[in-house]
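Colleague: File name coords39.txt; file contents compact mmCIF, C-alpha atoms; full text below.
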# COMPACT_ATOMS: atom_id res chain seq x y z
CA MET A 1 48.61 -46.72 -7.87
CA ARG A 2 51.38 -49.29 -8.09
CA VAL A 3 54.63 -48.72 -6.21
CA LEU A 4 58.00 -50.42 -6.29
CA LEU A 5 59.73 -51.02 -2.97
CA ARG A 6 63.36 -52.05 -2.67
CA LEU A 7 64.34 -53.85 0.50
CA ALA A 8 67.41 -55.15 2.26
CA TYR A 9 67.29 -57.85 4.89
CA ASP A 10 69.35 -60.21 6.97
CA GLY A 11 67.60 -63.49 6.25
CA THR A 12 69.15 -65.44 9.13
CA ASP A 13 66.08 -65.42 11.35
CA PHE A 14 63.47 -65.62 8.57
CA ARG A 15 61.99 -68.77 7.04
CA GLY A 16 62.44 -67.33 3.59
CA TRP A 17 60.57 -64.65 1.68
CA GLN A 18 57.19 -66.30 1.11
CA PHE A 19 54.44 -66.00 3.71
CA GLN A 20 53.93 -69.09 5.89
CA PRO A 21 51.27 -69.08 8.63
CA GLY A 22 52.80 -68.95 12.10
CA LEU A 23 56.38 -68.59 10.85
CA PRO A 24 58.61 -65.50 10.54
CA THR A 25 58.97 -64.63 6.85
CA VAL A 26 60.07 -61.50 5.03
CA GLN A 27 56.82 -61.13 3.11
CA GLY A 28 54.70 -61.69 6.21
CA THR A 29 56.68 -59.21 8.29
CA LEU A 30 56.54 -56.59 5.53
CA GLU A 31 52.80 -56.99 4.93
CA ASP A 32 52.09 -56.76 8.68
CA ALA A 33 54.01 -53.49 8.94
CA ILE A 34 52.29 -51.98 5.87
CA GLU A 35 48.89 -53.05 7.23
CA LYS A 36 49.55 -51.10 10.43
CA LEU A 37 50.41 -47.99 8.43
CA CYS A 38 47.58 -48.24 5.91
CA ARG A 39 44.98 -49.78 8.23
CA ARG A 40 44.17 -52.43 5.61
CA LYS A 41 45.75 -55.52 4.10
CA CYS A 42 48.12 -54.66 1.24
CA PRO A 43 49.51 -57.72 -0.60
CA VAL A 44 53.18 -57.38 -1.54
CA HIS A 45 54.64 -59.28 -4.51
CA GLY A 46 58.38 -59.90 -4.50
CA ALA A 47 60.77 -60.35 -7.42
CA GLY A 48 61.57 -63.82 -6.18
CA ARG A 49 61.38 -66.20 -3.24
CA THR A 50 64.62 -66.31 -1.29
CA ASP A 51 64.97 -69.47 0.80
CA SER A 52 65.27 -69.69 4.56
CA GLY A 53 68.41 -67.93 5.77
CA VAL A 54 69.18 -66.21 2.46
CA HIS A 55 69.83 -62.46 2.51
CA ALA A 56 69.01 -59.61 0.14
CA ALA A 57 70.75 -56.32 -0.50
CA GLY A 58 68.15 -55.15 -3.02
CA MET A 59 64.93 -57.17 -3.19
CA PRO A 60 62.27 -55.42 -5.30
CA ALA A 61 58.60 -55.87 -4.52
CA HIS A 62 55.43 -54.16 -5.71
CA ALA A 63 52.19 -53.20 -4.00
CA ASP A 64 49.12 -51.10 -4.78
CA LEU A 65 48.76 -48.04 -2.55
CA SER A 66 47.04 -44.69 -2.58
CA ARG A 67 49.21 -41.58 -2.66
CA GLU A 68 48.53 -40.96 1.02
CA GLU A 69 49.49 -44.55 1.84
CA LEU A 70 52.67 -44.17 -0.19
CA GLU A 71 53.67 -41.22 1.98
CA ARG A 72 52.94 -43.19 5.14
CA VAL A 73 55.03 -46.14 3.94
CA ASN A 74 57.91 -43.92 2.85
CA GLU A 75 58.00 -42.06 6.14
CA GLY A 76 57.04 -44.75 8.63
CA LEU A 77 57.84 -48.26 7.37
CA ASN A 78 61.37 -48.48 8.70
CA GLY A 79 60.10 -47.54 12.14
CA LEU A 80 57.88 -50.62 12.18
CA LEU A 81 60.23 -53.13 10.55
CA PRO A 82 62.64 -55.19 12.67
CA ARG A 83 66.28 -54.10 12.61
CA SER A 84 67.06 -57.03 10.32
CA MET A 85 65.03 -55.36 7.53
CA ALA A 86 65.19 -51.96 5.84
CA LEU A 87 63.21 -50.13 3.17
CA LEU A 88 65.79 -48.66 0.80
CA SER A 89 63.43 -46.82 -1.53
CA VAL A 90 59.83 -46.65 -2.74
CA LYS A 91 58.50 -45.02 -5.88
CA GLU A 92 55.53 -44.99 -8.21
CA VAL A 93 55.68 -47.24 -11.29
CA ARG A 94 53.33 -48.01 -14.16
CA ASP A 95 50.06 -49.74 -13.26
CA ASP A 96 50.92 -53.05 -14.97
CA PHE A 97 54.44 -53.34 -13.54
CA HIS A 98 55.28 -56.71 -11.94
CA ALA A 99 58.33 -57.09 -9.72
CA ARG A 100 58.86 -60.72 -10.72
CA PHE A 101 57.74 -61.06 -14.32
CA ASP A 102 59.21 -57.78 -15.60
CA ALA A 103 62.71 -58.56 -14.33
CA VAL A 104 65.33 -59.06 -17.06
CA SER A 105 68.25 -60.09 -14.84
CA ARG A 106 69.11 -61.02 -11.29
CA THR A 107 72.49 -60.96 -9.56
CA TYR A 108 73.51 -63.12 -6.62
CA THR A 109 76.73 -63.31 -4.64
CA TYR A 110 78.04 -66.12 -2.47
CA SER A 111 80.73 -65.40 0.14
CA VAL A 112 83.25 -67.92 1.46
CA GLY A 113 85.36 -66.94 4.46
CA ARG A 114 89.07 -67.65 4.70
CA LYS A 115 88.88 -68.26 8.45
CA ARG A 116 86.44 -68.48 11.31
CA ASP A 117 85.14 -64.99 12.06
CA PRO A 118 82.23 -64.50 14.49
CA PHE A 119 81.52 -61.03 13.09
CA ARG A 120 80.95 -62.35 9.56
CA ARG A 121 79.41 -65.74 10.31
CA ARG A 122 75.86 -64.67 9.49
CA PHE A 123 76.85 -63.58 5.99
CA GLU A 124 79.46 -66.05 4.77
CA TYR A 125 80.22 -69.74 4.73
CA GLN A 126 83.31 -70.49 6.80
CA PRO A 127 84.69 -73.92 5.86
CA LYS A 128 88.05 -75.18 7.09
CA LEU A 129 89.75 -74.09 3.88
CA SER A 130 92.26 -71.28 4.22
CA SER A 131 93.60 -71.74 0.69
CA LEU A 132 91.77 -72.18 -2.61
CA ASP A 133 92.92 -71.99 -6.23
CA THR A 134 91.34 -68.70 -7.27
CA ARG A 135 92.55 -68.98 -10.85
CA ALA A 136 90.88 -72.39 -11.29
CA MET A 137 87.62 -71.11 -9.84
CA ALA A 138 87.71 -68.05 -12.10
CA LYS A 139 88.25 -70.32 -15.11
CA ALA A 140 85.29 -72.44 -14.02
CA ALA A 141 83.17 -69.30 -13.76
CA GLU A 142 84.03 -68.49 -17.39
CA HIS A 143 82.64 -71.90 -18.38
CA SER A 144 79.35 -70.81 -16.80
CA LEU A 145 78.73 -67.99 -19.29
CA GLY A 146 76.18 -68.30 -22.08
CA THR A 147 72.83 -70.01 -22.53
CA GLY A 148 72.33 -73.65 -21.61
CA SER A 149 70.58 -76.16 -19.37
CA TRP A 150 71.30 -75.78 -15.66
CA LYS A 151 69.38 -78.87 -14.63
CA GLY A 152 72.59 -80.40 -13.28
CA PHE A 153 72.94 -77.49 -10.84
CA ALA A 154 69.28 -77.32 -9.77
CA LYS A 155 67.85 -78.65 -6.55
CA GLU A 156 66.49 -82.17 -6.87
CA GLY A 157 62.74 -82.34 -7.29
CA SER A 158 62.44 -78.93 -8.97
CA GLY A 159 59.58 -79.30 -11.45
CA ASN A 160 60.59 -76.67 -13.96
CA ALA A 161 59.05 -76.40 -17.42
CA SER A 162 62.45 -75.25 -18.67
CA TRP A 163 65.96 -75.67 -17.31
CA ILE A 164 67.49 -73.04 -19.59
CA MET A 165 69.35 -70.09 -18.08
CA SER A 166 71.29 -67.31 -19.82
CA VAL A 167 74.27 -66.30 -17.70
CA SER A 168 75.76 -62.93 -18.59
CA ARG A 169 78.26 -62.57 -15.74
CA ALA A 170 80.16 -65.04 -13.57
CA VAL A 171 83.09 -63.77 -11.53
CA VAL A 172 85.34 -65.01 -8.72
CA GLU A 173 87.05 -62.41 -6.56
CA GLU A 174 89.57 -62.97 -3.78
CA SER A 175 90.18 -60.63 -0.85
CA TYR A 176 91.95 -60.72 2.50
CA SER A 177 88.81 -62.17 4.12
CA GLY A 178 88.01 -64.83 1.52
CA TRP A 179 86.25 -65.28 -1.81
CA THR A 180 83.11 -63.89 -3.43
CA PHE A 181 81.34 -65.63 -6.30
CA THR A 182 79.06 -63.38 -8.38
CA ILE A 183 76.61 -64.61 -11.01
CA THR A 184 74.05 -62.72 -13.13
CA ALA A 185 71.39 -64.43 -15.24
CA ASP A 186 67.99 -63.82 -16.77
CA ARG A 187 66.45 -66.31 -14.32
CA PHE A 188 67.52 -68.75 -11.64
CA LEU A 189 66.35 -72.27 -10.94
CA ARG A 190 65.86 -73.28 -7.33
CA GLY A 191 69.11 -74.02 -5.52
CA VAL A 192 71.35 -73.18 -8.48
CA VAL A 193 73.60 -70.56 -6.89
CA ARG A 194 74.37 -72.61 -3.78
CA ILE A 195 75.14 -75.75 -5.82
CA TRP A 196 77.16 -73.76 -8.36
CA SER A 197 79.12 -72.22 -5.48
CA GLY A 198 79.69 -75.65 -3.95
CA THR A 199 81.04 -76.81 -7.31
CA LEU A 200 83.42 -73.84 -7.50
CA LEU A 201 84.62 -74.71 -4.01
CA ARG A 202 85.40 -78.29 -5.10
CA ILE A 203 87.29 -76.93 -8.09
CA GLY A 204 89.20 -74.49 -5.89
CA SER A 205 90.24 -77.31 -3.57
CA GLY A 206 91.54 -79.32 -6.53
CA ALA A 207 88.97 -82.10 -6.35
CA ILE A 208 87.68 -81.60 -9.91
CA PRO A 209 88.90 -79.55 -12.92
CA PRO A 210 87.33 -76.23 -14.04
CA GLU A 211 85.94 -77.85 -17.19
CA THR A 212 83.54 -79.85 -15.02
CA VAL A 213 81.16 -76.88 -15.12
CA SER A 214 80.79 -77.23 -18.88
CA SER A 215 80.22 -80.98 -18.49
CA ILE A 216 77.46 -80.41 -15.95
CA ILE A 217 75.69 -77.91 -18.21
CA SER A 218 75.98 -80.01 -21.37
CA GLY A 219 75.22 -83.35 -19.70
CA GLU A 220 72.69 -82.18 -17.08
CA ASP A 221 74.53 -84.44 -14.61
CA ARG A 222 73.90 -83.43 -10.99
CA SER A 223 76.29 -86.11 -9.72
CA LEU A 224 79.26 -84.14 -11.05
CA ALA A 225 78.35 -80.98 -9.15
CA GLY A 226 79.37 -80.02 -5.64
CA GLN A 227 77.20 -79.95 -2.54
CA SER A 228 74.70 -77.20 -1.89
CA LEU A 229 76.41 -74.71 0.42
CA PRO A 230 74.70 -73.21 3.49
CA ALA A 231 72.24 -70.35 2.99
CA CYS A 232 74.23 -67.90 5.14
CA GLY A 233 76.65 -66.97 2.33
CA LEU A 234 74.02 -66.19 -0.30
CA VAL A 235 72.81 -62.65 -1.06
CA LEU A 236 70.40 -61.40 -3.72
CA LYS A 237 72.33 -58.31 -4.75
CA ASP A 238 70.23 -56.75 -7.49
CA VAL A 239 67.32 -57.18 -9.88
CA GLU A 240 67.21 -55.17 -13.10
CA TYR A 241 64.29 -54.13 -15.32
CA ALA A 242 64.31 -53.13 -18.97
CA SER A 243 62.25 -50.05 -18.15
CA GLY A 244 64.86 -48.87 -15.66
CA GLU A 245 62.82 -49.24 -12.46
So, in terms of C-alpha cells, how does the structure I just supplied come out?
Modeller:
Amino acid sequence: MRVLLRLAYDGTDFRGWQFQPGLPTVQGTLEDAIEKLCRRKCPVHGAGRTDSGVHAAGMPAHADLSREELERVNEGLNGLLPRSMALLSVKEVRDDFHARFDAVSRTYTYSVGRKRDPFRRRFEYQPKLSSLDTRAMAKAAEHSLGTGSWKGFAKEGSGNASWIMSVSRAVVEESYSGWTFTITADRFLRGVVRIWSGTLLRIGSGAIPPETVSSIISGEDRSLAGQSLPACGLVLKDVEYASGE
C-alpha cells in the first residue's frame, strides 16, 4: 500500500533532498533508516527537491509499504533518524497518490534577522541591516500576486518548459527579531524564493522601488532582481493536496 510521510528537517548539514552517492542527503538518510526497519530497499519520493542547506517544516513524501512495515516505520523511524530530522506523521493514501505531482500548492518562508544571533543563525539570514522599510516590502509582495512569468526570478540555467507561476499569497511580516517573507504558489522554479527574497531586501533597503517586482515579472529581466540569499533562511513550510492528504 502507498503511504504519505510528512517530515521536518534542519537542512544545514545535508546536501539537499535528492540522493547523491557518498554525500549526506535527506532522501538518502530517510531511505537508509526505512531499509533498516523493513529489511529491504524502499524508495521514497518527495514533494520537491530542497537545495543544500534548505530546511523543511512539512515535507511530504510517499513510499510503498506493507501494513506491518507501516507500523514499524510509525513506531521506530524517529529512533533511527538523526536529531536533525523528524517524522511528523505517516498515513495510508490511495494507491496512485504522488507526493510531487498531486500537489496543488506549496508554501515557503524566508527569515531575515534584525541582528546577529548565534541561536538563530542556522535558520535565518543575518545581514548587517537593522532597519528595513517593511511597508515597501509588503507593497512589493502584493505585486507578486497572480499568474505570470517568473523567469526573471529563476536561477540562471534552469531549463524549464514553462516559467509560469500562480502566486496566491505573498506576505511580509515584521517582528522583534526581524522579518519573514511568505509566498504560496502552485509551483516554484529553481531558486525563485531566494532571489525573490533578495529582491524584497533591496526594496526594503531603498535601493529599488516596490514596483520593480512587477517589472521583473512582465519583462523577465533577471538583472533587475536582487541577489540570491543564503539557503539558511529558507524553509518549506507546507504542501497542500486537493484530496486533503
Colleague: So how many Å separate atom CA of A:Met165 and atom CA of A:Arg202, to one decimal?
Modeller: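 Atom-to-atom, atom CA of A:Met165 and atom CA of A:Arg202 are spaced 22.2 Å apart.
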Colleague: Measuring between only C-alpha atoms, which one of A:Thr29, A:Ser228, A:Ser243, A:Thr109 shows the shortest distance to A:Trp179?
Modeller: A:Thr109
Colleague: Skip stretch 124-129 of chain A itself and residues of its chain fewer than 6 positions away, then list as a list in words all residues within 7 Å of it, counting all atoms listed in the file.
Modeller: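 Non-adjacent residues within range: Ser111, Val112, Gly113, Arg114, Lys115, Arg116, Pro230, Cys232 and Gly233 of chain A.
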Colleague: Would you please work out which residue, of A:His62, A:Arg72, A:Arg83, A:Arg40, is nearest to A:Asp13 when using only C-alpha atoms?
Modeller: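 Counting only C-alpha atoms, the residue closest to A:Asp13 is A:Arg83.
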Colleague: Name all residues at most 7 Å from A:Leu145 (count only C-alpha atoms; drop same-chain ones fewer than 2 positions away) and give them as a PyMOL selection string.
Modeller: chain A and resi 142-143+167-170
Colleague: Could you state the separation of atom CA of A:Thr50 and atom CA of A:Val235 in Å, given to one decimal place?
Modeller: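 Taking atom CA of A:Thr50 as the start and atom CA of A:Val235 as the end point, the length is 9.0 Å.
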